[in-house]
$ cat final19.cif   # mmCIF, C-alpha atoms
data_model
loop_
_atom_site.label_atom_id
_atom_site.label_comp_id
_atom_site.auth_asym_id
_atom_site.auth_seq_id
_atom_site.Cartn_x
_atom_site.Cartn_y
_atom_site.Cartn_z
CA MET A 1 0.00 0.00 0.00
CA ASP A 2 1.46 3.37 -1.03
CA ARG A 3 1.69 6.35 1.29
CA LYS A 4 -1.36 8.12 -0.18
CA LYS A 5 -3.62 5.11 0.36
CA LEU A 6 -2.13 4.53 3.77
CA PHE A 7 -2.80 8.13 4.79
CA SER A 8 -6.40 7.93 3.47
CA ALA A 9 -6.96 4.72 5.42
CA PHE A 10 -5.50 6.34 8.54
CA LYS A 11 -7.88 9.33 8.24
CA ILE A 12 -10.89 7.04 7.94
CA ILE A 13 -9.82 4.83 10.86
CA PHE A 14 -8.95 7.86 13.00
CA SER A 15 -12.29 9.57 12.27
CA ILE A 16 -14.27 6.43 13.09
CA GLY A 17 -12.15 5.78 16.18
CA LEU A 18 -12.69 9.33 17.42
CA GLY A 19 -16.44 8.97 16.85
CA VAL A 20 -16.52 5.71 18.84
CA TYR A 21 -14.50 7.30 21.64
CA LEU A 22 -16.75 10.36 21.85
CA THR A 23 -19.84 8.14 21.91
CA TRP A 24 -18.31 6.18 24.79
CA TYR A 25 -17.37 9.48 26.49
CA LEU A 26 -20.97 10.71 26.20
CA PHE A 27 -22.32 7.69 28.08
CA ASP A 28 -19.37 7.48 30.48
CA LYS A 29 -20.10 10.97 31.81
CA MET A 30 -23.62 9.89 32.80
CA THR A 31 -24.55 8.00 35.95
CA THR A 32 -26.88 5.00 36.00
CA GLU A 33 -29.73 7.35 36.91
CA ASP A 34 -28.77 9.67 34.06
CA ILE A 35 -28.87 6.80 31.56
CA ALA A 36 -32.36 5.85 32.79
CA VAL A 37 -33.50 9.46 32.22
CA PHE A 38 -31.72 9.43 28.83
CA LYS A 39 -33.70 6.38 27.69
CA LYS A 40 -37.00 7.70 29.09
CA THR A 41 -36.52 11.05 27.35
CA ILE A 42 -36.01 9.35 23.98
CA ARG A 43 -39.04 7.07 24.48
CA ASN A 44 -41.29 10.01 25.38
CA ALA A 45 -40.20 12.29 22.50
CA ASN A 46 -43.14 13.35 20.34
CA PRO A 47 -42.73 11.35 17.09
CA TRP A 48 -44.71 13.85 15.02
CA TYR A 49 -42.13 16.58 15.56
CA ILE A 50 -39.42 14.11 14.54
CA PHE A 51 -41.40 13.18 11.43
CA LEU A 52 -41.77 16.85 10.47
CA SER A 53 -38.05 17.32 11.01
CA LEU A 54 -37.26 14.48 8.60
CA LEU A 55 -39.78 15.80 6.09
CA LEU A 56 -38.02 19.18 6.10
CA ALA A 57 -34.69 17.40 5.67
CA PHE A 58 -36.07 15.76 2.52
CA VAL A 59 -37.30 19.14 1.26
CA SER A 60 -33.82 20.61 1.80
CA TYR A 61 -32.22 17.76 -0.17
CA LEU A 62 -34.57 18.30 -3.12
CA SER A 63 -34.04 22.05 -2.99
CA ARG A 64 -30.26 21.66 -2.90
CA ALA A 65 -30.38 19.29 -5.88
CA TYR A 66 -32.49 21.78 -7.84
CA ARG A 67 -30.21 24.68 -6.91
CA TRP A 68 -27.24 22.69 -8.13
CA GLY A 69 -28.82 22.49 -11.57
CA LEU A 70 -29.11 26.28 -11.66
CA THR A 71 -25.30 26.55 -11.61
CA LEU A 72 -24.74 23.65 -14.02
CA HIS A 73 -26.95 24.97 -16.83
CA PRO A 74 -25.23 28.34 -17.46
CA VAL A 75 -21.91 26.61 -18.20
CA GLY A 76 -23.47 24.14 -20.61
CA TYR A 77 -24.00 21.11 -18.37
CA TYR A 78 -27.46 19.54 -18.28
CA SER A 79 -28.90 16.84 -16.10
CA THR A 80 -32.28 15.94 -14.63
CA LEU A 81 -33.44 16.85 -11.13
CA LYS A 82 -33.68 13.11 -10.47
CA ASN A 83 -30.03 12.49 -11.31
CA GLN A 84 -28.89 15.58 -9.42
CA TYR A 85 -30.81 14.42 -6.35
CA HIS A 86 -29.48 10.85 -6.50
CA SER A 87 -25.92 12.14 -6.97
CA LEU A 88 -26.34 14.40 -3.95
CA MET A 89 -27.65 11.63 -1.71
CA ILE A 90 -24.93 9.19 -2.79
CA GLY A 91 -22.39 11.89 -1.99
CA TYR A 92 -23.87 12.29 1.50
CA LEU A 93 -23.76 8.52 1.95
CA VAL A 94 -20.07 8.38 0.98
CA ASN A 95 -19.30 11.21 3.42
CA MET A 96 -20.58 8.97 6.21
CA THR A 97 -17.66 6.59 5.60
CA ILE A 98 -14.98 8.65 3.85
CA PRO A 99 -14.86 12.26 5.09
CA ARG A 100 -14.88 14.95 2.37
CA ALA A 101 -15.13 12.35 -0.43
CA GLY A 102 -18.82 12.98 -1.03
CA GLU A 103 -18.29 16.11 -3.13
CA PHE A 104 -16.09 14.29 -5.63
CA THR A 105 -18.53 11.37 -5.63
CA ARG A 106 -21.36 13.70 -6.62
CA SER A 107 -19.38 14.81 -9.67
CA LEU A 108 -18.45 11.23 -10.50
CA MET A 109 -22.10 10.15 -10.40
CA LEU A 110 -23.12 12.90 -12.85
CA LYS A 111 -20.25 11.90 -15.11
CA ARG A 112 -21.61 8.36 -15.19
CA SER A 113 -25.26 9.35 -15.64
CA ASP A 114 -25.05 12.48 -17.83
CA ASN A 115 -21.46 12.58 -19.11
CA ILE A 116 -20.82 15.89 -17.33
CA PRO A 117 -17.08 16.60 -16.87
CA ILE A 118 -16.00 15.96 -13.30
CA ALA A 119 -13.90 19.14 -13.03
CA GLY A 120 -16.74 21.38 -14.22
CA SER A 121 -19.43 19.96 -11.94
CA PHE A 122 -16.97 19.80 -9.03
CA GLY A 123 -16.31 23.50 -9.49
CA THR A 124 -20.01 24.26 -9.05
CA ILE A 125 -19.98 22.17 -5.85
CA VAL A 126 -17.01 24.15 -4.52
CA THR A 127 -18.93 27.36 -5.22
CA GLU A 128 -21.92 25.88 -3.41
CA ARG A 129 -19.75 25.03 -0.41
CA ILE A 130 -18.26 28.54 -0.32
CA ILE A 131 -21.72 30.13 -0.28
CA ASP A 132 -22.96 27.72 2.39
CA MET A 133 -19.85 28.35 4.47
CA LEU A 134 -20.41 32.11 4.31
CA ILE A 135 -24.01 31.62 5.45
CA LEU A 136 -22.92 29.32 8.29
CA LEU A 137 -20.23 31.79 9.37
CA THR A 138 -22.82 34.60 9.36
CA ILE A 139 -25.20 32.55 11.52
CA SER A 140 -22.29 31.61 13.80
CA PHE A 141 -21.12 35.20 14.20
CA LEU A 142 -24.60 36.49 14.99
CA SER A 143 -25.37 33.62 17.39
CA ILE A 144 -22.12 34.01 19.33
CA PHE A 145 -22.18 37.83 19.23
CA LEU A 146 -25.72 37.95 20.61
CA ASN A 147 -24.97 35.27 23.23
CA LYS A 148 -21.35 35.99 24.14
CA ALA A 149 -21.62 35.03 27.82
CA GLU A 150 -23.46 31.77 27.09
CA ALA A 151 -21.07 30.82 24.29
CA TYR A 152 -18.02 31.53 26.45
CA THR A 153 -19.39 29.43 29.32
CA ILE A 154 -20.25 26.50 27.05
CA ILE A 155 -16.82 26.59 25.38
CA SER A 156 -15.17 26.75 28.83
CA ASP A 157 -17.22 23.74 29.96
CA LEU A 158 -16.10 21.82 26.88
CA LYS A 159 -12.45 22.76 27.44
CA ASP A 160 -12.55 21.84 31.12
CA GLY A 161 -14.38 18.59 30.39
CA PHE A 162 -11.81 17.35 27.88
CA PHE A 163 -8.58 18.95 29.05
CA GLY A 164 -9.19 19.80 32.68
CA THR A 165 -9.25 23.20 34.34
CA THR A 166 -6.15 25.29 33.72
CA GLN A 167 -4.99 28.15 35.89
CA ASN A 168 -3.30 30.22 33.17
CA THR A 169 -5.10 30.19 29.83
CA GLU A 170 -3.71 33.43 28.46
CA ASN A 171 -0.72 33.58 26.14
CA THR A 172 0.77 36.88 27.16
CA ASP A 173 3.97 36.74 25.12
CA GLY A 174 2.24 36.06 21.80
CA SER A 175 4.49 33.07 21.08
CA GLY A 176 1.53 31.07 19.75
CA TYR A 177 0.98 33.62 16.98
CA ILE A 178 4.71 33.64 16.17
CA TRP A 179 4.81 29.86 15.74
CA LEU A 180 1.61 29.94 13.67
CA GLY A 181 3.07 32.62 11.38
CA ALA A 182 6.35 30.72 11.06
CA GLY A 183 4.47 27.55 10.13
CA LEU A 184 2.53 29.34 7.42
CA VAL A 185 5.71 30.87 5.98
CA ILE A 186 7.41 27.44 5.86
CA LEU A 187 4.37 25.87 4.21
CA MET A 188 4.13 28.56 1.53
CA THR A 189 7.90 28.31 0.89
CA VAL A 190 7.70 24.54 0.35
CA ILE A 191 4.79 24.97 -2.07
CA PHE A 192 6.59 27.73 -3.99
CA LEU A 193 9.89 25.83 -4.33
CA ASN A 194 8.37 22.44 -5.17
CA LYS A 195 7.47 22.64 -8.86
CA LYS A 196 5.38 19.47 -8.80
CA ILE A 197 3.23 20.63 -5.87
CA ARG A 198 2.91 24.10 -7.35
CA SER A 199 1.82 22.80 -10.77
CA LYS A 200 -0.75 20.48 -9.20
CA ILE A 201 -2.26 23.32 -7.18
CA LEU A 202 -2.34 25.66 -10.18
CA GLY A 203 -3.80 22.95 -12.40
CA PHE A 204 -6.50 22.15 -9.87
CA LEU A 205 -7.43 25.81 -9.48
CA GLN A 206 -7.59 26.24 -13.25
CA SER A 207 -9.89 23.22 -13.66
CA LEU A 208 -12.22 24.66 -11.04
CA LYS A 209 -12.38 28.12 -12.58
CA GLU A 210 -15.29 27.49 -14.92
CA GLY A 211 -17.40 25.86 -12.23
CA LEU A 212 -16.54 28.47 -9.64
CA LEU A 213 -17.58 31.30 -11.92
CA SER A 214 -20.87 29.58 -12.74
CA ILE A 215 -22.56 31.46 -9.90
CA PHE A 216 -22.10 34.72 -11.87
CA LYS A 217 -23.80 33.18 -14.90
CA VAL A 218 -26.95 31.91 -13.21
CA ASN A 219 -29.94 33.01 -15.28
CA LYS A 220 -32.52 32.44 -12.55
CA ILE A 221 -30.72 34.28 -9.76
CA GLY A 222 -34.02 34.90 -7.93
CA SER A 223 -34.73 31.18 -7.89
CA TYR A 224 -31.18 30.49 -6.68
CA ILE A 225 -31.58 32.93 -3.75
CA LEU A 226 -35.04 31.54 -2.95
CA HIS A 227 -33.75 27.97 -2.78
CA THR A 228 -30.78 29.07 -0.68
CA PHE A 229 -33.18 30.54 1.88
CA LEU A 230 -35.36 27.42 1.63
CA ILE A 231 -32.39 25.14 2.29
CA TRP A 232 -31.11 27.03 5.32
CA GLY A 233 -34.58 27.77 6.64
CA SER A 234 -35.31 24.04 6.49
CA TYR A 235 -32.04 23.28 8.28
CA LEU A 236 -32.83 25.62 11.17
CA ILE A 237 -36.47 24.58 11.57
CA MET A 238 -35.78 20.85 11.26
CA PHE A 239 -33.12 21.28 13.95
CA ALA A 240 -35.52 23.15 16.26
CA LEU A 241 -38.42 20.69 15.95
CA PRO A 242 -36.83 17.94 18.11
CA PHE A 243 -36.39 20.54 20.88
CA TRP A 244 -40.16 20.93 20.94
CA ALA A 245 -40.62 17.16 20.83
CA ILE A 246 -39.18 16.88 24.35
CA ASP A 247 -40.91 18.66 27.25
CA ALA A 248 -37.69 19.47 29.11
CA THR A 249 -36.11 21.19 26.08
CA ALA A 250 -39.21 22.88 24.67
CA GLU A 251 -38.46 26.04 26.67
CA VAL A 252 -34.89 26.43 25.43
CA PRO A 253 -34.77 29.91 23.81
CA ILE A 254 -34.31 30.30 20.06
CA SER A 255 -30.88 31.82 20.74
CA GLY A 256 -29.91 28.64 22.57
CA MET A 257 -31.09 26.51 19.66
CA PHE A 258 -28.95 28.59 17.31
CA LEU A 259 -25.89 28.06 19.50
CA ALA A 260 -26.57 24.33 19.63
CA PHE A 261 -26.94 24.34 15.83
CA ILE A 262 -23.53 26.00 15.45
CA PHE A 263 -21.75 23.67 17.88
CA GLY A 264 -23.41 20.69 16.20
CA ALA A 265 -22.15 21.88 12.81
CA VAL A 266 -18.64 22.03 14.26
CA GLY A 267 -19.07 18.47 15.53
CA ILE A 268 -19.87 17.17 12.04
CA SER A 269 -16.39 18.23 10.89
CA PHE A 270 -14.70 16.17 13.61
CA THR A 271 -15.94 12.67 12.82
CA ASN A 272 -17.73 10.68 10.11
CA GLY A 273 -21.22 12.14 9.96
CA GLY A 274 -20.69 13.77 13.35
CA MET A 275 -20.70 10.39 15.15
CA GLY A 276 -20.24 11.02 18.86
CA ALA A 277 -19.20 14.65 18.45
CA TYR A 278 -22.56 15.95 17.17
CA PRO A 279 -24.82 14.59 19.97
CA LEU A 280 -22.16 15.37 22.58
CA LEU A 281 -21.85 19.05 21.64
CA ILE A 282 -25.61 19.51 21.32
CA GLY A 283 -26.08 17.77 24.67
CA ILE A 284 -23.62 20.02 26.50
CA THR A 285 -25.07 23.16 24.93
CA THR A 286 -28.67 22.19 25.72
CA ALA A 287 -27.77 21.14 29.27
CA TYR A 288 -26.51 24.66 29.95
CA TYR A 289 -29.96 26.13 29.23
CA ILE A 290 -31.82 23.40 31.12
CA ASN A 291 -29.60 24.06 34.15
CA ALA A 292 -30.18 27.81 33.81
CA ALA A 293 -33.94 27.21 33.87
CA GLY A 294 -33.65 25.05 36.97
CA GLY A 295 -34.55 21.86 35.13
CA PRO A 296 -33.50 18.47 36.52
CA ASP A 297 -31.25 15.88 34.86
CA ALA A 298 -29.91 18.49 32.43
CA LEU A 299 -27.01 16.46 31.03
CA ALA A 300 -29.07 13.32 30.46
CA VAL A 301 -31.86 15.22 28.73
CA GLY A 302 -29.41 17.24 26.63
CA ASN A 303 -27.60 14.09 25.53
CA ALA A 304 -30.91 12.44 24.71
CA LEU A 305 -31.89 15.38 22.51
CA GLY A 306 -28.53 15.32 20.74
CA MET A 307 -28.83 11.59 20.11
CA VAL A 308 -32.41 11.93 18.81
CA ILE A 309 -31.39 14.60 16.30
CA TRP A 310 -28.23 12.80 15.18
CA ALA A 311 -29.64 9.26 15.03
CA THR A 312 -32.87 10.09 13.20
CA GLN A 313 -31.21 12.34 10.62
CA THR A 314 -28.32 9.92 10.10
CA ILE A 315 -30.54 6.85 9.65
CA PHE A 316 -32.81 8.80 7.30
CA LEU A 317 -29.86 10.04 5.25
CA ILE A 318 -28.34 6.55 4.98
CA LEU A 319 -31.69 5.12 3.89
CA LEU A 320 -32.15 7.76 1.19
CA GLY A 321 -28.54 7.34 0.10
CA LEU A 322 -28.94 3.59 -0.32
CA ILE A 323 -32.14 4.07 -2.32
CA SER A 324 -30.35 6.57 -4.58
CA LEU A 325 -27.45 4.15 -4.98
CA VAL A 326 -29.91 1.61 -6.42
CA LEU A 327 -31.86 4.06 -8.60
CA MET A 328 -28.98 6.15 -9.95
CA PRO A 329 -28.37 5.44 -13.68
CA ARG A 330 -25.06 3.64 -14.21
CA LYS A 331 -24.45 4.71 -17.79
CA TYR A 332 -24.82 7.94 -19.73
CA ASN A 333 -28.14 8.01 -21.60
CA THR A 334 -28.84 10.76 -24.13
CA ASP A 335 -32.58 10.31 -23.60
CA GLU A 336 -32.26 11.66 -20.06
CA LYS A 337 -30.52 14.83 -21.14
CA SER A 338 -32.69 17.92 -20.92
#
$ encode --input "final19.cif" --output "structure tokens"
Amino acid sequence: MDRKKLFSAFKIIFSIGLGVYLTWYLFDKMTTEDIAVFKKTIRNANPWYIFLSLLLAFVSYLSRAYRWGLTLHPVGYYSTLKNQYHSLMIGYLVNMTIPRAGEFTRSLMLKRSDNIPIAGSFGTIVTERIIDMLILLTISFLSIFLNKAEAYTIISDLKDGFFGTTQNTENTDGSGYIWLGAGLVILMTVIFLNKKIRSKILGFLQSLKEGLLSIFKVNKIGSYILHTFLIWGSYLIMFALPFWAIDATAEVPISGMFLAFIFGAVGISFTNGGMGAYPLLIGITTAYYINAAGGPDALAVGNALGMVIWATQTIFLILLGLISLVLMPRKYNTDEKS
């Protein structure tokens, strides 16, 4: 096995291992009584709110698939909504096992079904990710700015829980910034001097150019903006619905739900599909607000909520991904081109 494959295997194993550890950590922090409350909370969750949450998830997937087509068409690439949707869901499914491989898989699926060049469609996906990242950063900034004290306390609780309480957390001499700057300079120097690395980076950027610029060529810009709002509106509402499905979390303020949404999004980047990290971060964030309201068994209830959101959405996504894997056309067919 060459170094590239070995490194890819290591990333997968490490991500899964971290997810398993964080899942164990979540349960290890709870007492026997907490686990009993955890199970009871899940059993008593209102299933109709969960169903509505999954329905909105499906709406967001369809909307994202349609929006993708809006950036493909202006640069001369045509597919059907069906193929775009199946490609999207297969990409999500792959991301559950191989982190960050889903985007390339989406392009590969459209290449197989509609003969769309991988580089071109991948460029539109990168543009999509940039726009979504800007939206997520905006939501994050507003949520943390409007809830600075709560966010600081939750982050401190996370730090103390994983690393222990430290007496001196300030870096007064600025050495951390010096080492960070030095590391960046060394990295950029290596890239500049290594012709092979430099040519690969430049070639990759050039291949993405057409797809990246597709956003400026969208003919139905109003429709693109509408679907962007629909996607993110669905995300936020489908995340809030499970809060209302559980009596103990129904009174968590909207600002608290936004913070939990942000911390949960961070958790997804840690492990495959957010395994362990996503329910843990949502649980800790929710427990803070339950404690503040004087509610009992805060940690157990928060963890139960986090697990409900993660487990239902993950199982639903895997199910849809497997269905798309079966239904996705395997060979380019000119009759499906539109």
$ resolve_selection --input "final19.cif" --expression "the PyMOL selection byres ((chain A and resi 312) around 12)" --output "ChimeraX atom specification"
/A:42,47,49-55,57,238-239,242,279,304-311,313-319
$ residues_around --input "final19.cif" --residues "A:Ile282" --least-positions-apart "3" --cutoff "8 Å" --atoms "all atoms listed in the file" --output "list of chain:residue names"
A:Ala260, A:Phe261, A:Phe263, A:Gly264, A:Tyr278, A:Pro279, A:Thr285, A:Thr286, A:Gly302, A:Asn303, A:Leu305, A:Gly306
$ write_last_selection --input "final19.cif" --atoms "C-alpha atoms" --output "PDB file, in the frame of the given file"
ATOM      1  CA  ALA A 260     -26.570  24.330  19.630  1.00  0.00           C
ATOM      2  CA  PHE A 261     -26.940  24.340  15.830  1.00  0.00           C
ATOM      3  CA  PHE A 263     -21.750  23.670  17.880  1.00  0.00           C
ATOM      4  CA  GLY A 264     -23.410  20.690  16.200  1.00  0.00           C
ATOM      5  CA  TYR A 278     -22.560  15.950  17.170  1.00  0.00           C
ATOM      6  CA  PRO A 279     -24.820  14.590  19.970  1.00  0.00           C
ATOM      7  CA  THR A 285     -25.070  23.160  24.930  1.00  0.00           C
ATOM      8  CA  THR A 286     -28.670  22.190  25.720  1.00  0.00           C
ATOM      9  CA  GLY A 302     -29.410  17.240  26.630  1.00  0.00           C
ATOM     10  CA  ASN A 303     -27.600  14.090  25.530  1.00  0.00           C
ATOM     11  CA  LEU A 305     -31.890  15.380  22.510  1.00  0.00           C
ATOM     12  CA  GLY A 306     -28.530  15.320  20.740  1.00  0.00           C
TER      13      GLY A 306
END
$ residues_around --input "final19.cif" --residues "A:Ala151" --least-positions-apart "6" --cutoff "10 Å" --atoms "all atoms listed in the file" --output "MDAnalysis selection string"
chainID A and resid 143:145 157 256 259:260 263 285 288
$ write_last_selection --input "final19.cif" --atoms "C-alpha atoms" --output "PDB file, in the frame of the given file"
ATOM      1  CA  SER A 143     -25.370  33.620  17.390  1.00  0.00           C
ATOM      2  CA  ILE A 144     -22.120  34.010  19.330  1.00  0.00           C
ATOM      3  CA  PHE A 145     -22.180  37.830  19.230  1.00  0.00           C
ATOM      4  CA  ASP A 157     -17.220  23.740  29.960  1.00  0.00           C
ATOM      5  CA  GLY A 256     -29.910  28.640  22.570  1.00  0.00           C
ATOM      6  CA  LEU A 259     -25.890  28.060  19.500  1.00  0.00           C
ATOM      7  CA  ALA A 260     -26.570  24.330  19.630  1.00  0.00           C
ATOM      8  CA  PHE A 263     -21.750  23.670  17.880  1.00  0.00           C
ATOM      9  CA  THR A 285     -25.070  23.160  24.930  1.00  0.00           C
ATOM     10  CA  TYR A 288     -26.510  24.660  29.950  1.00  0.00           C
TER      11      TYR A 288
END
$ atom_distance --input "final19.cif" --atom1 "atom CA of A:Asn115" --atom2 "atom CA of A:Leu226"
28.4 Å
$ atom_distance --input "final19.cif" --atom1 "atom CA of A:Gly120" --atom2 "atom CA of A:Tyr85"
17.6 Å
$ residues_around --input "final19.cif" --residues "stretch 14-18 of chain A" --least-positions-apart "5" --cutoff "10 Å" --atoms "all atoms listed in the file" --output "ChimeraX atom specification"
/A:8-9,23-24,96-99,269-277
$ resolve_selection --input "final19.cif" --expression "the PyMOL selection byres ((chain A and resi 290) around 12)" --output "PDB file with C-alpha atoms, in the frame of the given file"
ATOM      1  CA  PHE A 243     -36.390  20.540  20.880  1.00  0.00           C
ATOM      2  CA  ILE A 246     -39.180  16.880  24.350  1.00  0.00           C
ATOM      3  CA  ASP A 247     -40.910  18.660  27.250  1.00  0.00           C
ATOM      4  CA  ALA A 248     -37.690  19.470  29.110  1.00  0.00           C
ATOM      5  CA  THR A 249     -36.110  21.190  26.080  1.00  0.00           C
ATOM      6  CA  ALA A 250     -39.210  22.880  24.670  1.00  0.00           C
ATOM      7  CA  GLU A 251     -38.460  26.040  26.670  1.00  0.00           C
ATOM      8  CA  VAL A 252     -34.890  26.430  25.430  1.00  0.00           C
ATOM      9  CA  PRO A 253     -34.770  29.910  23.810  1.00  0.00           C
ATOM     10  CA  GLY A 256     -29.910  28.640  22.570  1.00  0.00           C
ATOM     11  CA  MET A 257     -31.090  26.510  19.660  1.00  0.00           C
ATOM     12  CA  GLY A 283     -26.080  17.770  24.670  1.00  0.00           C
ATOM     13  CA  ILE A 284     -23.620  20.020  26.500  1.00  0.00           C
ATOM     14  CA  THR A 285     -25.070  23.160  24.930  1.00  0.00           C
ATOM     15  CA  THR A 286     -28.670  22.190  25.720  1.00  0.00           C
ATOM     16  CA  ALA A 287     -27.770  21.140  29.270  1.00  0.00           C
ATOM     17  CA  TYR A 288     -26.510  24.660  29.950  1.00  0.00           C
ATOM     18  CA  TYR A 289     -29.960  26.130  29.230  1.00  0.00           C
ATOM     19  CA  ASN A 291     -29.600  24.060  34.150  1.00  0.00           C
ATOM     20  CA  ALA A 292     -30.180  27.810  33.810  1.00  0.00           C
ATOM     21  CA  ALA A 293     -33.940  27.210  33.870  1.00  0.00           C
ATOM     22  CA  GLY A 294     -33.650  25.050  36.970  1.00  0.00           C
ATOM     23  CA  GLY A 295     -34.550  21.860  35.130  1.00  0.00           C
ATOM     24  CA  PRO A 296     -33.500  18.470  36.520  1.00  0.00           C
ATOM     25  CA  ASP A 297     -31.250  15.880  34.860  1.00  0.00           C
ATOM     26  CA  ALA A 298     -29.910  18.490  32.430  1.00  0.00           C
ATOM     27  CA  LEU A 299     -27.010  16.460  31.030  1.00  0.00           C
ATOM     28  CA  ALA A 300     -29.070  13.320  30.460  1.00  0.00           C
ATOM     29  CA  VAL A 301     -31.860  15.220  28.730  1.00  0.00           C
ATOM     30  CA  GLY A 302     -29.410  17.240  26.630  1.00  0.00           C
ATOM     31  CA  ASN A 303     -27.600  14.090  25.530  1.00  0.00           C
ATOM     32  CA  LEU A 305     -31.890  15.380  22.510  1.00  0.00           C
TER      33      LEU A 305
END
$ atom_distance --input "final19.cif" --atom1 "atom CA of A:Gly321" --atom2 "atom CA of A:Met89"
4.7 Å
$ residues_near_point --input "final19.cif" --point "(-28.5, 28.6, -7.9)" --cutoff "9 Å" --atoms "only C-alpha atoms" --output "VMD selection string"
chain A and resid 64 66 to 72 128 215 218 to 228
$ closest_residue --input "final19.cif" --among "A:Ile118, A:Ala101, A:Tyr78, A:Ser87" --to "A:Lys11" --atoms "all atoms listed in the file"
A:Ala101
$ closest_residue --input "final19.cif" --among "A:Leu136, A:Ala265, A:Phe104, A:Leu110" --to "A:Gly123" --atoms "all atoms listed in the file"
A:Phe104
$ closest_residue --input "final19.cif" --among "A:Leu108, A:Leu22, A:Ile323, A:Ile237" --to "A:Leu93" --atoms "only C-alpha atoms"
A:Ile323
